[in-house]
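Chemist: mmCIF, C-alpha atoms, saved as upload34.cif, coming up:
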```
data_run
#
loop_
_atom_site.label_atom_id
_atom_site.label_comp_id
_atom_site.auth_asym_id
_atom_site.auth_seq_id
_atom_site.Cartn_x
_atom_site.Cartn_y
_atom_site.Cartn_z
CA MET A 267 12.05 4.27 -9.70
CA ILE A 268 10.24 3.98 -6.37
CA GLU A 269 10.51 6.96 -4.06
CA TYR A 270 8.59 8.97 -1.53
CA ALA A 271 5.84 11.05 -3.08
CA ASN A 272 6.08 14.82 -3.12
CA GLU A 273 3.41 17.51 -3.54
CA ASN A 274 4.02 17.60 -7.30
CA ASP A 275 2.66 14.02 -7.41
CA ILE A 276 -0.74 14.84 -5.88
CA ALA A 277 -2.73 14.98 -9.14
CA GLY A 278 -1.22 11.69 -10.35
CA ILE A 279 -1.84 10.02 -6.99
CA LEU A 280 -5.47 11.14 -6.87
CA GLU A 281 -6.04 9.71 -10.37
CA LEU A 282 -5.18 6.28 -8.93
CA ASP A 283 -6.47 6.67 -5.38
CA GLY A 284 -9.97 8.05 -4.91
CA HIS A 285 -10.13 6.91 -1.27
CA ILE A 286 -8.25 9.83 0.30
CA ASP A 287 -8.90 13.55 0.35
CA GLN A 288 -6.25 15.99 -0.77
CA LYS A 289 -5.66 17.54 2.66
CA LEU A 290 -4.94 14.18 4.27
CA LEU A 291 -2.83 13.14 1.28
CA LYS A 292 -0.65 16.25 1.69
CA ARG A 293 -0.12 15.40 5.36
CA LYS A 294 0.78 11.79 4.56
CA ILE A 295 3.22 12.97 1.88
CA SER A 296 4.89 15.31 4.38
CA HIS A 297 5.32 12.31 6.74
CA ASN A 298 6.77 10.04 3.99
CA GLU A 299 3.77 7.69 4.15
CA VAL A 300 3.21 7.62 0.39
CA TYR A 301 5.43 6.04 -2.26
CA VAL A 302 5.18 6.47 -6.01
CA ILE A 303 6.62 4.67 -8.97
CA ARG A 304 7.06 6.64 -12.16
CA GLU A 305 7.42 6.05 -15.85
CA GLN A 306 9.50 9.12 -16.67
CA THR A 307 7.44 11.86 -14.94
CA GLU A 308 4.08 10.04 -14.93
CA VAL A 309 2.92 8.48 -11.66
CA ILE A 310 2.04 4.90 -12.59
CA GLY A 311 1.80 3.38 -9.14
CA ILE A 312 1.24 4.37 -5.54
CA LEU A 313 1.52 2.78 -2.13
CA ARG A 314 0.39 4.51 1.03
CA TYR A 315 0.44 3.31 4.59
CA SER A 316 -0.27 4.23 8.19
CA LEU A 317 0.45 2.68 11.56
CA PHE A 318 -2.07 0.17 12.95
CA TRP A 319 -2.22 0.57 16.76
CA ASP A 320 0.30 3.40 16.23
CA ASN A 321 3.12 0.85 15.96
CA THR A 322 2.55 -1.63 13.12
CA PRO A 323 2.91 -0.50 9.49
CA PHE A 324 -0.38 -1.07 7.67
CA MET A 325 -0.51 -0.80 3.87
CA ASN A 326 -3.72 1.11 3.21
CA MET A 327 -3.54 1.25 -0.56
CA ILE A 328 -1.49 -0.02 -3.44
CA CYS A 329 -2.53 0.73 -6.98
CA ILE A 330 -0.75 0.36 -10.32
CA LYS A 331 -2.17 1.90 -13.49
CA GLN A 332 -3.95 -0.81 -15.41
CA SER A 333 -1.66 -0.64 -18.46
CA PHE A 334 1.34 -1.31 -16.17
CA GLN A 335 -0.19 -4.16 -14.14
CA ARG A 336 1.10 -7.74 -14.20
CA LYS A 337 4.68 -6.60 -14.79
CA GLY A 338 5.94 -7.08 -11.24
CA LEU A 339 5.68 -3.41 -10.25
CA GLY A 340 3.24 -4.05 -7.39
CA SER A 341 5.49 -6.73 -5.92
CA LEU A 342 8.46 -4.40 -6.30
CA MET A 343 6.64 -1.60 -4.47
CA VAL A 344 5.56 -3.88 -1.61
CA LYS A 345 9.08 -5.27 -1.18
CA HIS A 346 10.52 -1.74 -1.22
CA TRP A 347 8.05 -0.67 1.48
CA GLU A 348 8.73 -3.79 3.56
CA ASN A 349 12.49 -3.10 3.39
CA ASP A 350 11.93 0.50 4.50
CA MET A 351 9.76 -0.68 7.39
CA LYS A 352 12.41 -3.19 8.44
CA LYS A 353 15.09 -0.45 8.34
CA GLN A 354 12.84 1.62 10.61
CA GLY A 355 12.88 -1.23 13.15
CA HIS A 356 9.51 -2.82 12.49
CA HIS A 357 9.18 -6.62 12.71
CA ARG A 358 5.83 -7.10 10.99
CA VAL A 359 3.55 -5.38 8.51
CA MET A 360 -0.17 -5.65 7.84
CA THR A 361 -2.69 -5.01 5.10
CA SER A 362 -6.26 -5.87 4.16
CA THR A 363 -8.52 -6.37 1.18
CA LEU A 364 -12.14 -7.18 0.47
CA SER A 365 -12.90 -10.87 0.05
CA ASN A 366 -14.34 -10.23 -3.43
CA GLU A 367 -11.09 -8.67 -4.69
CA GLU A 368 -8.19 -10.48 -6.35
CA ALA A 369 -5.64 -8.72 -4.11
CA GLN A 370 -5.90 -11.48 -1.49
CA HIS A 371 -4.05 -13.83 -3.86
CA PHE A 372 -1.38 -11.17 -4.53
CA TYR A 373 -0.74 -10.74 -0.80
CA ARG A 374 -0.56 -14.46 -0.13
CA LYS A 375 1.91 -14.85 -2.99
CA LEU A 376 4.10 -12.24 -1.25
CA GLY A 377 4.06 -14.21 2.01
CA TYR A 378 1.20 -12.51 3.85
CA LYS A 379 -0.87 -14.73 6.16
CA ASP A 380 -4.62 -14.45 6.78
CA ILE A 381 -5.31 -13.35 10.36
CA GLY A 382 -9.05 -12.63 10.39
CA GLY A 383 -11.50 -10.11 9.16
CA PHE A 384 -14.60 -8.08 9.81
CA VAL A 385 -17.79 -7.10 8.02
CA LEU A 386 -19.12 -3.57 7.69
CA PRO A 387 -22.80 -3.05 6.85
CA ASN A 388 -23.54 -3.79 3.18
CA GLU A 389 -19.92 -4.74 2.45
CA PRO A 390 -18.13 -8.04 1.79
CA LEU A 391 -15.72 -9.44 4.38
CA GLU A 392 -12.62 -7.27 4.90
CA MET A 393 -9.73 -9.74 5.18
CA LEU A 394 -6.70 -8.89 7.33
CA PHE A 395 -3.17 -10.08 6.54
CA VAL A 396 0.15 -9.96 8.38
CA LYS A 397 3.73 -10.66 7.37
CA ASP A 398 6.77 -11.14 9.58
CA ILE A 399 9.64 -9.09 8.13
CA SER A 400 12.12 -9.69 10.96
CA ALA A 401 14.17 -12.34 9.12
#
```
Turn this file's structure into structure tokens for me.
Modeler:
Amino acid sequence: MIEYANENDIAGILELDGHIDQKLLKRKISHNEVYVIREQTEVIGILRYSLFWDNTPFMNMICIKQSFQRKGLGSLMVKHWENDMKKQGHHRVMTSTLSNEEAQHFYRKLGYKDIGGFVLPNEPLEMLFVKDISA
């Protein structure tokens, strides 16, 4: 079941997501900006987002435990998030990934379109994607 994360999920989220500190994670949880998917009580997947330009939902992170990957759970989480964003009145969503990661193919398969990118020092190209969810 996909639902908003709560503070009891913090340890499970941090096992999957090492890119956020606990204080910020708690704030994002309190603002319903983190989703989890569970297998019984175990957190097996997470999705967290923010607002790009303070008005466009931007998926910052999606991660599914390796033993649960390639079973459609990531697609399910993204579609759940997109539906929530549409219900909140948003017309488009965004995300990004590094050019050397497989996620770019996952996003394209879900209907995301390449819209550009940027390069940080000593990093591969960060690719930006957008999807119209107004239909």
Chemist: Write out as an MDAnalysis selection string the residues lying within 10 Å of Gln332 (chain A), counting all atoms listed in the file and excluding same-chain residues fewer than 3 positions away.
Modeler: chainID A and resid 282 310:311 329 335:336
Chemist: By how many Å are CA of Ile312 (chain A) and CA of His297 (chain A) apart?
Modeler: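 Going from CA of Ile312 (chain A) over to CA of His297 (chain A) covers 15.2 Å.
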Chemist: Just how far from CA of Leu394 (chain A) is CA of Ile381 (chain A), in Å to one decimal?
Modeler: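 These two atoms are separated by 5.6 Å.
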Chemist: For the structure shown, which residues end up in the PyMOL selection byres ((chain A and resi 298) around 12)? Put them as a list in words, please?
Modeler: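 Selected by the PyMOL selection byres ((chain A and resi 298) around 12) here: Glu269, Tyr270, Ala271, Asn272, Glu273, Leu291, Lys292, Arg293, Lys294, Ile295, Ser296, His297, Glu299, Val300, Tyr301, Val302, Leu313, Arg314, Tyr315, Ser316, Trp347, Asp350 and Met351 of chain A.
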Chemist: To one decimal place, how far is CA of Val385 (chain A) from CA of Ile328 (chain A) in Å?
Modeler: 21.1 Å
Chemist: Could you tell me which residues the PyMOL selection byres ((chain A and resi 356-361) around 10) returns for this structure, as a VMD selection string?
Modeler: chain A and resid 315 to 318 321 to 328 347 to 355 362 to 363 370 373 378 to 381 393 to 401
Chemist: Output C-alpha atoms of each residue in that selection to a file, as an mmCIF file, keeping the file's coordinate frame.
Modeler:
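What ended up in out.cif:
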```
data_model
loop_
_atom_site.group_PDB
_atom_site.id
_atom_site.type_symbol
_atom_site.label_atom_id
_atom_site.label_comp_id
_atom_site.auth_asym_id
_atom_site.auth_seq_id
_atom_site.Cartn_x
_atom_site.Cartn_y
_atom_site.Cartn_z
ATOM 1 C CA TYR A 315 0.440 3.310 4.590
ATOM 2 C CA SER A 316 -0.270 4.230 8.190
ATOM 3 C CA LEU A 317 0.450 2.680 11.560
ATOM 4 C CA PHE A 318 -2.070 0.170 12.950
ATOM 5 C CA ASN A 321 3.120 0.850 15.960
ATOM 6 C CA THR A 322 2.550 -1.630 13.120
ATOM 7 C CA PRO A 323 2.910 -0.500 9.490
ATOM 8 C CA PHE A 324 -0.380 -1.070 7.670
ATOM 9 C CA MET A 325 -0.510 -0.800 3.870
ATOM 10 C CA ASN A 326 -3.720 1.110 3.210
ATOM 11 C CA MET A 327 -3.540 1.250 -0.560
ATOM 12 C CA ILE A 328 -1.490 -0.020 -3.440
ATOM 13 C CA TRP A 347 8.050 -0.670 1.480
ATOM 14 C CA GLU A 348 8.730 -3.790 3.560
ATOM 15 C CA ASN A 349 12.490 -3.100 3.390
ATOM 16 C CA ASP A 350 11.930 0.500 4.500
ATOM 17 C CA MET A 351 9.760 -0.680 7.390
ATOM 18 C CA LYS A 352 12.410 -3.190 8.440
ATOM 19 C CA LYS A 353 15.090 -0.450 8.340
ATOM 20 C CA GLN A 354 12.840 1.620 10.610
ATOM 21 C CA GLY A 355 12.880 -1.230 13.150
ATOM 22 C CA SER A 362 -6.260 -5.870 4.160
ATOM 23 C CA THR A 363 -8.520 -6.370 1.180
ATOM 24 C CA GLN A 370 -5.900 -11.480 -1.490
ATOM 25 C CA TYR A 373 -0.740 -10.740 -0.800
ATOM 26 C CA TYR A 378 1.200 -12.510 3.850
ATOM 27 C CA LYS A 379 -0.870 -14.730 6.160
ATOM 28 C CA ASP A 380 -4.620 -14.450 6.780
ATOM 29 C CA ILE A 381 -5.310 -13.350 10.360
ATOM 30 C CA MET A 393 -9.730 -9.740 5.180
ATOM 31 C CA LEU A 394 -6.700 -8.890 7.330
ATOM 32 C CA PHE A 395 -3.170 -10.080 6.540
ATOM 33 C CA VAL A 396 0.150 -9.960 8.380
ATOM 34 C CA LYS A 397 3.730 -10.660 7.370
ATOM 35 C CA ASP A 398 6.770 -11.140 9.580
ATOM 36 C CA ILE A 399 9.640 -9.090 8.130
ATOM 37 C CA SER A 400 12.120 -9.690 10.960
ATOM 38 C CA ALA A 401 14.170 -12.340 9.120
#
```
Chemist: To test the calculation: enclose all listed atoms of region 279-287 of chain A in a box whose edges run along x, y and z, add 6 Å on each side, then state centre and edge lengths in Å to one decimal, as AutoDock Vina command-line options.
Modeler:
```
--center_x -6.0 --center_y 9.9 --center_z -5.0 --size_x 20.3 --size_y 19.3 --size_z 22.7
```
Chemist: Select, from A:Gly278, A:Ile330, A:Glu368, A:Pro387, the residue with the minimum atom-to-atom distance to Met343 (chain A), counting all atoms listed in the file.
Modeler: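 With all atoms listed in the file as the atom set, the closest residue is A:Ile330.
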Chemist: Step by step, work through what the PyMOL selection byres ((chain A and resi 365) around 7) selects in the shown file, and finish by giving those residues as a PyMOL selection string.
Modeler: chain A and resi 363-364+366-367+390-393
Chemist: Select, from A:Phe334, A:Phe384, A:Trp319, A:Phe372, the residue with the minimum atom-to-atom distance to Arg304 (chain A), counting only C-alpha atoms.
Modeler: A:Phe334
